[in-house]
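K.L.:
Here you go, entry_35.txt (compact mmCIF, C-alpha atoms and all ligand atoms):
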# COMPACT_ATOMS: atom_id res chain seq x y z
CA MET A 1 4.70 -30.45 -4.11
CA SER A 2 2.91 -28.00 -6.38
CA GLN A 3 4.54 -26.49 -9.44
CA ALA A 4 4.93 -23.17 -7.62
CA GLU A 5 6.40 -24.77 -4.50
CA GLU A 6 8.88 -26.68 -6.62
CA HIS A 7 9.88 -23.59 -8.51
CA PHE A 8 10.42 -21.47 -5.41
CA SER A 9 11.64 -24.16 -3.02
CA THR A 10 15.06 -22.52 -2.91
CA SER A 11 13.79 -19.02 -2.13
CA ALA A 12 12.82 -17.39 1.16
CA GLU A 13 9.49 -17.88 2.89
CA PRO A 14 6.35 -16.58 1.17
CA ALA A 15 5.44 -12.89 1.49
CA ILE A 16 1.79 -13.87 1.86
CA SER A 17 0.45 -17.19 3.01
CA LEU A 18 -3.23 -18.17 3.20
CA ARG A 19 -4.46 -21.41 4.75
CA HIS A 20 -8.05 -22.57 4.26
CA VAL A 21 -9.37 -19.04 4.15
CA HIS A 22 -13.14 -18.50 3.99
CA ARG A 23 -15.14 -15.28 3.92
CA ILE A 24 -18.89 -15.64 4.17
CA TYR A 25 -21.06 -12.54 3.93
CA HIS A 26 -24.51 -12.63 5.49
CA LEU A 27 -26.77 -10.45 3.42
CA ALA A 28 -30.56 -10.25 3.70
CA GLY A 29 -30.80 -13.72 5.22
CA GLU A 30 -28.55 -15.19 2.56
CA ASP A 31 -25.00 -16.56 2.92
CA ILE A 32 -22.57 -15.49 0.21
CA HIS A 33 -19.42 -17.59 0.21
CA ALA A 34 -17.19 -14.95 -1.41
CA VAL A 35 -13.91 -16.76 -0.59
CA ASN A 36 -14.15 -20.51 -0.21
CA ASP A 37 -11.26 -22.51 1.25
CA VAL A 38 -8.38 -20.67 -0.41
CA THR A 39 -4.87 -21.91 0.35
CA LEU A 40 -2.19 -19.91 -1.39
CA ASP A 41 1.40 -18.69 -1.10
CA VAL A 42 2.67 -15.51 -2.75
CA TRP A 43 6.41 -15.54 -3.31
CA PRO A 44 8.59 -12.52 -2.65
CA ARG A 45 9.95 -10.25 -5.39
CA HIS A 46 7.70 -11.58 -8.15
CA MET A 47 4.62 -10.42 -9.98
CA THR A 48 1.69 -12.63 -9.04
CA ALA A 49 -1.72 -12.27 -10.64
CA ILE A 50 -5.05 -13.53 -9.36
CA ILE A 51 -7.50 -13.73 -12.22
CA GLY A 52 -11.16 -14.63 -12.42
CA ARG A 53 -14.38 -13.19 -13.67
CA SER A 54 -16.32 -10.49 -11.89
CA GLY A 55 -17.78 -11.74 -8.61
CA SER A 56 -15.26 -14.57 -8.19
CA GLY A 57 -13.95 -13.14 -4.89
CA LYS A 58 -10.76 -11.34 -5.96
CA THR A 59 -11.38 -8.03 -4.20
CA THR A 60 -12.61 -9.80 -1.07
CA LEU A 61 -9.36 -11.78 -1.04
CA LEU A 62 -7.25 -8.63 -1.45
CA ASN A 63 -9.12 -6.89 1.40
CA LEU A 64 -8.47 -9.90 3.64
CA ILE A 65 -4.75 -9.81 2.82
CA ALA A 66 -4.65 -6.06 3.54
CA GLY A 67 -6.21 -6.71 6.95
CA LEU A 68 -9.18 -4.51 6.01
CA ASP A 69 -11.54 -7.46 6.42
CA THR A 70 -11.37 -10.56 8.64
CA PRO A 71 -11.75 -14.13 7.40
CA THR A 72 -14.72 -16.11 8.69
CA GLU A 73 -12.29 -19.03 8.95
CA GLY A 74 -8.64 -19.73 8.16
CA THR A 75 -5.29 -18.02 8.70
CA ILE A 76 -3.42 -15.32 6.79
CA HIS A 77 0.25 -14.45 7.23
CA VAL A 78 1.58 -11.26 5.66
CA LEU A 79 5.35 -10.62 5.75
CA GLY A 80 5.69 -13.23 8.47
CA ARG A 81 2.94 -11.80 10.71
CA ASP A 82 -0.26 -13.68 11.53
CA LEU A 83 -3.05 -11.16 10.87
CA GLY A 84 -5.36 -13.09 13.19
CA GLN A 85 -3.04 -12.31 16.12
CA MET A 86 -2.74 -8.59 15.40
CA SER A 87 -4.77 -5.66 16.77
CA GLU A 88 -6.41 -3.15 14.40
CA ARG A 89 -3.68 -0.67 15.33
CA GLU A 90 -0.93 -3.16 14.44
CA LYS A 91 -2.64 -3.92 11.12
CA LEU A 92 -2.88 -0.20 10.37
CA ASP A 93 0.84 0.15 11.11
CA LEU A 94 1.60 -2.78 8.82
CA ARG A 95 -0.42 -1.13 6.02
CA LEU A 96 1.23 2.25 6.54
CA HIS A 97 4.80 1.01 6.75
CA LYS A 98 5.00 -2.11 4.59
CA LEU A 99 2.15 -2.08 2.07
CA GLY A 100 1.30 -0.04 -1.01
CA PHE A 101 -2.09 0.03 -2.74
CA ILE A 102 -3.07 0.66 -6.36
CA PHE A 103 -6.73 0.76 -7.41
CA GLN A 104 -8.67 0.61 -10.67
CA THR A 105 -10.03 4.13 -10.10
CA PHE A 106 -6.62 5.43 -8.92
CA GLY A 107 -7.88 6.58 -5.51
CA LEU A 108 -6.34 10.05 -5.68
CA ILE A 109 -7.73 12.94 -3.64
CA PRO A 110 -9.30 15.36 -6.18
CA LEU A 111 -8.29 18.68 -4.61
CA LEU A 112 -4.68 17.74 -3.95
CA THR A 113 -1.85 18.06 -6.49
CA ALA A 114 0.06 14.99 -7.68
CA ARG A 115 2.83 15.90 -5.28
CA GLU A 116 0.46 16.26 -2.32
CA ASN A 117 -1.30 13.01 -3.17
CA VAL A 118 1.98 11.10 -3.22
CA GLY A 119 2.85 12.61 0.18
CA VAL A 120 -0.38 11.60 1.96
CA PRO A 121 0.74 8.19 3.32
CA LEU A 122 4.11 9.67 4.38
CA ARG A 123 2.29 12.44 6.23
CA MET A 124 0.21 9.79 8.01
CA ARG A 125 3.47 8.15 9.05
CA GLY A 126 4.67 11.43 10.50
CA LEU A 127 7.79 11.63 8.35
CA ASP A 128 9.57 14.95 8.73
CA PRO A 129 8.87 17.35 5.85
CA ALA A 130 12.36 17.30 4.33
CA GLU A 131 12.48 13.53 4.04
CA ARG A 132 8.89 13.43 2.85
CA GLU A 133 9.53 15.93 0.06
CA ALA A 134 12.68 14.12 -1.01
CA ARG A 135 10.85 10.81 -1.24
CA VAL A 136 7.89 12.36 -3.06
CA ASP A 137 10.16 13.98 -5.65
CA GLU A 138 12.11 10.79 -6.15
CA ALA A 139 8.92 8.76 -6.61
CA LEU A 140 7.43 11.24 -9.09
CA ALA A 141 10.69 11.25 -11.05
CA TRP A 142 10.74 7.46 -11.06
CA VAL A 143 7.31 7.29 -12.72
CA GLY A 144 8.35 10.08 -15.12
CA LEU A 145 5.96 12.72 -13.81
CA SER A 146 8.23 15.39 -12.31
CA ASP A 147 6.75 17.88 -14.76
CA ARG A 148 3.20 17.14 -13.56
CA ALA A 149 3.90 17.53 -9.84
CA HIS A 150 1.59 20.50 -9.43
CA HIS A 151 -1.30 19.16 -11.49
CA ARG A 152 -4.50 18.01 -9.82
CA PRO A 153 -6.02 14.66 -10.81
CA TYR A 154 -8.56 16.24 -13.19
CA GLU A 155 -5.66 17.88 -15.05
CA LEU A 156 -4.08 14.48 -15.71
CA SER A 157 -4.90 11.63 -18.10
CA GLY A 158 -6.00 8.26 -16.70
CA GLY A 159 -2.55 6.81 -17.33
CA GLU A 160 -0.89 9.75 -15.58
CA GLN A 161 -3.25 9.43 -12.61
CA GLN A 162 -2.31 5.78 -12.29
CA ARG A 163 1.38 6.72 -12.42
CA VAL A 164 0.77 9.14 -9.54
CA ALA A 165 -0.91 6.28 -7.66
CA ILE A 166 2.14 4.08 -8.33
CA ALA A 167 4.42 6.89 -7.10
CA ARG A 168 2.29 7.15 -3.95
CA ALA A 169 2.59 3.40 -3.40
CA LEU A 170 6.36 3.31 -3.91
CA ALA A 171 7.21 6.48 -1.94
CA GLY A 172 6.61 4.53 1.25
CA GLU A 173 9.20 1.94 0.13
CA PRO A 174 6.74 -0.93 0.62
CA ALA A 175 7.76 -4.58 0.70
CA LEU A 176 4.40 -5.56 -0.77
CA VAL A 177 2.15 -3.80 -3.27
CA LEU A 178 -1.46 -4.89 -3.72
CA ALA A 179 -3.21 -3.80 -6.92
CA ASP A 180 -6.90 -4.23 -7.71
CA GLU A 181 -7.54 -4.09 -11.48
CA PRO A 182 -4.80 -1.46 -11.98
CA THR A 183 -5.30 -1.41 -15.77
CA GLY A 184 -9.09 -1.86 -15.71
CA GLN A 185 -9.82 1.77 -16.49
CA LEU A 186 -7.15 2.23 -19.16
CA ASP A 187 -6.91 1.57 -22.91
CA THR A 188 -4.63 -1.27 -24.02
CA ARG A 189 -1.59 0.89 -24.81
CA THR A 190 -1.77 2.89 -21.60
CA GLY A 191 -2.37 -0.33 -19.70
CA ARG A 192 0.80 -1.75 -21.26
CA ARG A 193 2.83 1.26 -20.03
CA ILE A 194 1.44 0.91 -16.52
CA LEU A 195 2.26 -2.79 -16.61
CA ASP A 196 5.86 -1.98 -17.64
CA LEU A 197 6.14 0.33 -14.63
CA LEU A 198 4.73 -2.36 -12.34
CA ARG A 199 7.27 -4.81 -13.74
CA ARG A 200 10.06 -2.32 -12.97
CA LEU A 201 8.70 -2.01 -9.44
CA VAL A 202 9.48 -5.70 -9.00
CA GLU A 203 12.80 -5.71 -10.88
CA GLU A 204 14.32 -2.46 -9.62
CA ARG A 205 12.72 -2.07 -6.21
CA GLY A 206 12.46 -5.72 -5.22
CA VAL A 207 8.79 -5.30 -4.44
CA THR A 208 6.41 -8.25 -4.11
CA LEU A 209 3.48 -7.41 -6.36
CA LEU A 210 0.05 -9.02 -6.15
CA ILE A 211 -2.41 -7.96 -8.82
CA VAL A 212 -6.04 -9.03 -9.10
CA THR A 213 -7.29 -8.54 -12.61
CA HIS A 214 -9.10 -9.87 -15.62
CA ASP A 215 -6.82 -8.06 -18.08
CA PRO A 216 -5.19 -10.60 -20.45
CA GLN A 217 -2.09 -8.35 -20.71
CA VAL A 218 -1.52 -8.65 -16.97
CA MET A 219 -1.99 -12.42 -17.09
CA ALA A 220 0.63 -12.63 -19.85
CA GLU A 221 3.11 -10.48 -17.91
CA ALA A 222 2.73 -12.05 -14.46
CA ASP A 223 5.28 -14.61 -13.24
CA ILE A 224 2.66 -16.66 -11.45
CA VAL A 225 -1.07 -16.77 -12.21
CA HIS A 226 -3.74 -18.08 -9.86
CA GLU A 227 -7.31 -18.37 -11.06
CA MET A 228 -10.39 -17.95 -8.89
CA GLY A 229 -13.86 -19.20 -9.72
CA ASP A 230 -16.84 -18.79 -7.44
CA GLY A 231 -14.68 -18.13 -4.37
CA HIS A 232 -12.42 -21.14 -4.97
CA LEU A 233 -8.85 -21.23 -6.23
CA VAL A 234 -9.33 -23.32 -9.37
CA ASP A 235 -5.92 -23.19 -11.04
CA SER A 236 -2.32 -22.05 -10.44
CA ARG A 237 0.48 -21.80 -12.96
CA VAL A 238 4.07 -20.61 -12.98
CA LYS A 239 5.35 -19.09 -16.23
CA THR A 240 8.41 -20.49 -17.87
CA GLN A 241 9.98 -17.01 -18.04
CA VAL A 242 10.48 -16.24 -14.37
CA PRO A 243 13.10 -13.58 -13.70
CA ALA A 244 16.08 -14.63 -11.59
P1 LIG B 1 -14.48 -9.72 -7.67
O1 LIG B 1 -13.54 -8.71 -7.10
O2 LIG B 1 -13.80 -10.96 -8.17
O3 LIG B 1 -15.37 -9.15 -8.72
P2 LIG B 1 -15.75 -9.62 -5.05
O4 LIG B 1 -14.73 -10.09 -4.10
O5 LIG B 1 -15.98 -8.16 -5.13
O6 LIG B 1 -15.44 -10.24 -6.49
O7 LIG B 1 -17.15 -10.32 -4.68
C1 LIG B 1 -17.29 -11.72 -4.49
C2 LIG B 1 -18.72 -12.02 -4.09
O8 LIG B 1 -18.98 -11.50 -2.79
C3 LIG B 1 -19.77 -11.41 -4.99
O9 LIG B 1 -20.84 -12.30 -5.09
C4 LIG B 1 -20.16 -10.15 -4.26
O10 LIG B 1 -21.46 -9.76 -4.61
C5 LIG B 1 -20.05 -10.58 -2.82
N1 LIG B 1 -19.70 -9.46 -1.90
C6 LIG B 1 -18.59 -8.70 -1.96
N2 LIG B 1 -18.55 -7.80 -0.96
C7 LIG B 1 -19.68 -8.00 -0.25
C8 LIG B 1 -20.25 -7.39 0.95
N3 LIG B 1 -19.62 -6.40 1.58
N4 LIG B 1 -21.45 -7.86 1.39
C9 LIG B 1 -22.06 -8.88 0.76
N5 LIG B 1 -21.60 -9.50 -0.34
C10 LIG B 1 -20.42 -9.07 -0.83
MG MG B 2 -13.16 -6.75 -7.71
Will you turn the file into structure tokens for me?
Ligand code: ADP
Ligand code: MG

P.N.:
Amino acid sequence: MSQAEEHFSTSAEPAISLRHVHRIYHLAGEDIHAVNDVTLDVWPRHMTAIIGRSGSGKTTLLNLIAGLDTPTEGTIHVLGRDLGQMSEREKLDLRLHKLGFIFQTFGLIPLLTARENVGVPLRMRGLDPAEREARVDEALAWVGLSDRAHHRPYELSGGEQQRVAIARALAGEPALVLADEPTGQLDTRTGRRILDLLRRLVEERGVTLLIVTHDPQVMAEADIVHEMGDGHLVDSRVKTQVPA
């Protein structure tokens, strides 16, 4: 039994489970083994980080988990569902209803206000306007940006833009939030604030958070850290300070 399995043996089943996952890209006659035999469980209601230098396969792995890409080999379960058995439509529904996404470059739509940006995924879900607005306002308040609701991304600092992105992710009340280098574009202090918000997402909202990163602050904060090197999972460790 691994350290992680031992630690979580009393908790529910993993939120994400990968078994012998490979992703090989064929590019200009060359095979690139971006993800190479990764077996991994991500435990619910914790902050898990996947670290590794640039090109180690982190983003590829996140795209596979999101169902945006398909493994060349291996199986992936997300929230109890086998992605390999799901249609594109079912995977889209899973993303819309259960997943939230946070990106290094925030991923906001430039011409929309903060409020409109936060509402986009809820609109795609066809939520009625009253419920949508209520959720948007609550999410903006939660990230402390009620007073920036009518600002467009270019009228916001990087840290504020990332808070809007967090509000957008949480407005859908996701079970699982996937973040790709969420502090990569921010200075250390702003990154720290964003990390505090992400921690609260886990503590207060019971979200399962998976972050891929090479930010040492994130590594220090995460409950569980997996390290990738050259497509392989090379190390996994559980911190001593895991929240109850
Ligand atoms: P990381 O996020 O850790 O920087 P990536 O997952 O983006 O790493 O990339 C892993 C490897 O796969 C790299 O060698 C990268 O060049 C390659 N790669 C990523 N996406 C593609 C693609 N669509 N086509 C071909 N090669 C790719
Ligand atoms: Mg990447």

K.L.:
Hey, can you check how far atom CA of A:Arg19 sits from atom CA of A:Leu99?

P.N.:
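Interatomic distance here is 20.6 Å.
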
K.L.:
Of the residues A:Leu233, A:Leu156, A:Leu209, A:Ile109, which is the one nearest to ligand LIG 1 (chain B), using only C-alpha atoms and all ligand atoms?

P.N.:
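For ligand LIG 1 (chain B), the nearest of the given residues is A:Leu233.
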
K.L.:
Hey, what's within 12 Å of stretch 158-162 of chain A if we count only C-alpha atoms and toss same-chain stuff fewer than 2 positions away? As number ranges by chain, please?

P.N.:
A: 101-110, 113-115, 117-118, 140, 143-149, 151-156, 164-169, 179-195, 197-198

K.L.:
Grab me every residue within 10 Å of ligand LIG 1 (chain B), counting only C-alpha atoms and all ligand atoms, and send it over as an MDAnalysis selection string.

P.N.:
chainID A and resid 23:28 30:35 50:64 69 180:181 212:214 228:231

K.L.:
For ligand MG 2 (chain B), which of A:Val225, A:Ile211, A:Glu173, A:Leu127 is the closest residue, counting only C-alpha atoms and all ligand atoms?

P.N.:
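Using only C-alpha atoms and all ligand atoms, the shortest distance to ligand MG 2 (chain B) belongs to A:Ile211.
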
K.L.:
Using Å and a single decimal, report how far atom CA of A:Ala222 sits from atom CA of A:Leu178.

P.N.:
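Distance between the two atoms: 13.6 Å.
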
K.L.:
Is it possible to add N, CA and C atoms to stretch 76-107 of chain A and hand it back as a tab-separated table (two decimals), in the frame of the given file?

P.N.:
chain	number	residue	atom	x	y	z
A	76	ILE	N	-4.14	-16.11	7.79
A	76	ILE	CA	-3.42	-15.32	6.79
A	76	ILE	C	-2.16	-14.77	7.43
A	77	HIS	N	-1.02	-15.07	6.82
A	77	HIS	CA	0.25	-14.45	7.23
A	77	HIS	C	0.67	-13.46	6.15
A	78	VAL	N	1.06	-12.27	6.59
A	78	VAL	CA	1.58	-11.26	5.66
A	78	VAL	C	2.94	-10.82	6.19
A	79	LEU	N	3.98	-10.97	5.37
A	79	LEU	CA	5.35	-10.62	5.75
A	79	LEU	C	5.72	-11.22	7.10
A	80	GLY	N	5.32	-12.48	7.27
A	80	GLY	CA	5.69	-13.23	8.47
A	80	GLY	C	4.80	-13.00	9.68
A	81	ARG	N	3.83	-12.08	9.57
A	81	ARG	CA	2.94	-11.80	10.71
A	81	ARG	C	1.59	-12.48	10.50
A	82	ASP	N	1.06	-13.05	11.57
A	82	ASP	CA	-0.26	-13.68	11.53
A	82	ASP	C	-1.32	-12.60	11.78
A	83	LEU	N	-2.07	-12.26	10.75
A	83	LEU	CA	-3.05	-11.16	10.87
A	83	LEU	C	-4.06	-11.43	11.98
A	84	GLY	N	-4.38	-12.71	12.18
A	84	GLY	CA	-5.36	-13.09	13.19
A	84	GLY	C	-4.91	-12.78	14.62
A	85	GLN	N	-3.59	-12.59	14.80
A	85	GLN	CA	-3.04	-12.31	16.12
A	85	GLN	C	-2.75	-10.81	16.32
A	86	MET	N	-3.11	-10.01	15.34
A	86	MET	CA	-2.74	-8.59	15.40
A	86	MET	C	-3.95	-7.72	15.73
A	87	SER	N	-3.72	-6.63	16.48
A	87	SER	CA	-4.77	-5.66	16.77
A	87	SER	C	-5.01	-4.79	15.53
A	88	GLU	N	-6.12	-4.06	15.52
A	88	GLU	CA	-6.41	-3.15	14.40
A	88	GLU	C	-5.27	-2.14	14.23
A	89	ARG	N	-4.76	-1.65	15.34
A	89	ARG	CA	-3.68	-0.67	15.33
A	89	ARG	C	-2.42	-1.26	14.67
A	90	GLU	N	-2.11	-2.51	15.04
A	90	GLU	CA	-0.93	-3.16	14.44
A	90	GLU	C	-1.12	-3.38	12.94
A	91	LYS	N	-2.37	-3.72	12.55
A	91	LYS	CA	-2.64	-3.92	11.12
A	91	LYS	C	-2.54	-2.60	10.36
A	92	LEU	N	-3.00	-1.53	10.99
A	92	LEU	CA	-2.88	-0.20	10.37
A	92	LEU	C	-1.40	0.15	10.18
A	93	ASP	N	-0.59	-0.12	11.21
A	93	ASP	CA	0.84	0.15	11.11
A	93	ASP	C	1.48	-0.66	9.98
A	94	LEU	N	1.07	-1.92	9.88
A	94	LEU	CA	1.60	-2.78	8.82
A	94	LEU	C	1.26	-2.17	7.45
A	95	ARG	N	-0.01	-1.74	7.29
A	95	ARG	CA	-0.42	-1.13	6.02
A	95	ARG	C	0.38	0.13	5.73
A	96	LEU	N	0.55	0.96	6.74
A	96	LEU	CA	1.23	2.25	6.54
A	96	LEU	C	2.70	2.09	6.21
A	97	HIS	N	3.34	1.11	6.85
A	97	HIS	CA	4.80	1.01	6.75
A	97	HIS	C	5.28	0.00	5.71
A	98	LYS	N	4.48	-1.01	5.43
A	98	LYS	CA	5.00	-2.11	4.59
A	98	LYS	C	4.22	-2.32	3.29
A	99	LEU	N	2.99	-1.78	3.22
A	99	LEU	CA	2.15	-2.08	2.07
A	99	LEU	C	1.91	-0.84	1.21
A	100	GLY	N	1.74	-1.09	-0.09
A	100	GLY	CA	1.30	-0.04	-1.01
A	100	GLY	C	0.05	-0.53	-1.72
A	101	PHE	N	-0.82	0.41	-2.10
A	101	PHE	CA	-2.09	0.03	-2.74
A	101	PHE	C	-2.26	0.78	-4.06
A	102	ILE	N	-2.75	0.05	-5.06
A	102	ILE	CA	-3.07	0.66	-6.36
A	102	ILE	C	-4.47	0.16	-6.75
A	103	PHE	N	-5.33	1.11	-7.13
A	103	PHE	CA	-6.73	0.76	-7.41
A	103	PHE	C	-7.10	1.05	-8.86
A	104	GLN	N	-8.16	0.41	-9.31
A	104	GLN	CA	-8.67	0.61	-10.67
A	104	GLN	C	-9.00	2.09	-10.93
A	105	THR	N	-9.61	2.73	-9.92
A	105	THR	CA	-10.03	4.13	-10.10
A	105	THR	C	-9.02	5.10	-9.48
A	106	PHE	N	-7.79	4.63	-9.31
A	106	PHE	CA	-6.62	5.43	-8.92
A	106	PHE	C	-6.62	5.86	-7.45
A	107	GLY	N	-7.79	6.26	-6.94
A	107	GLY	CA	-7.88	6.58	-5.51
A	107	GLY	C	-7.13	7.84	-5.10
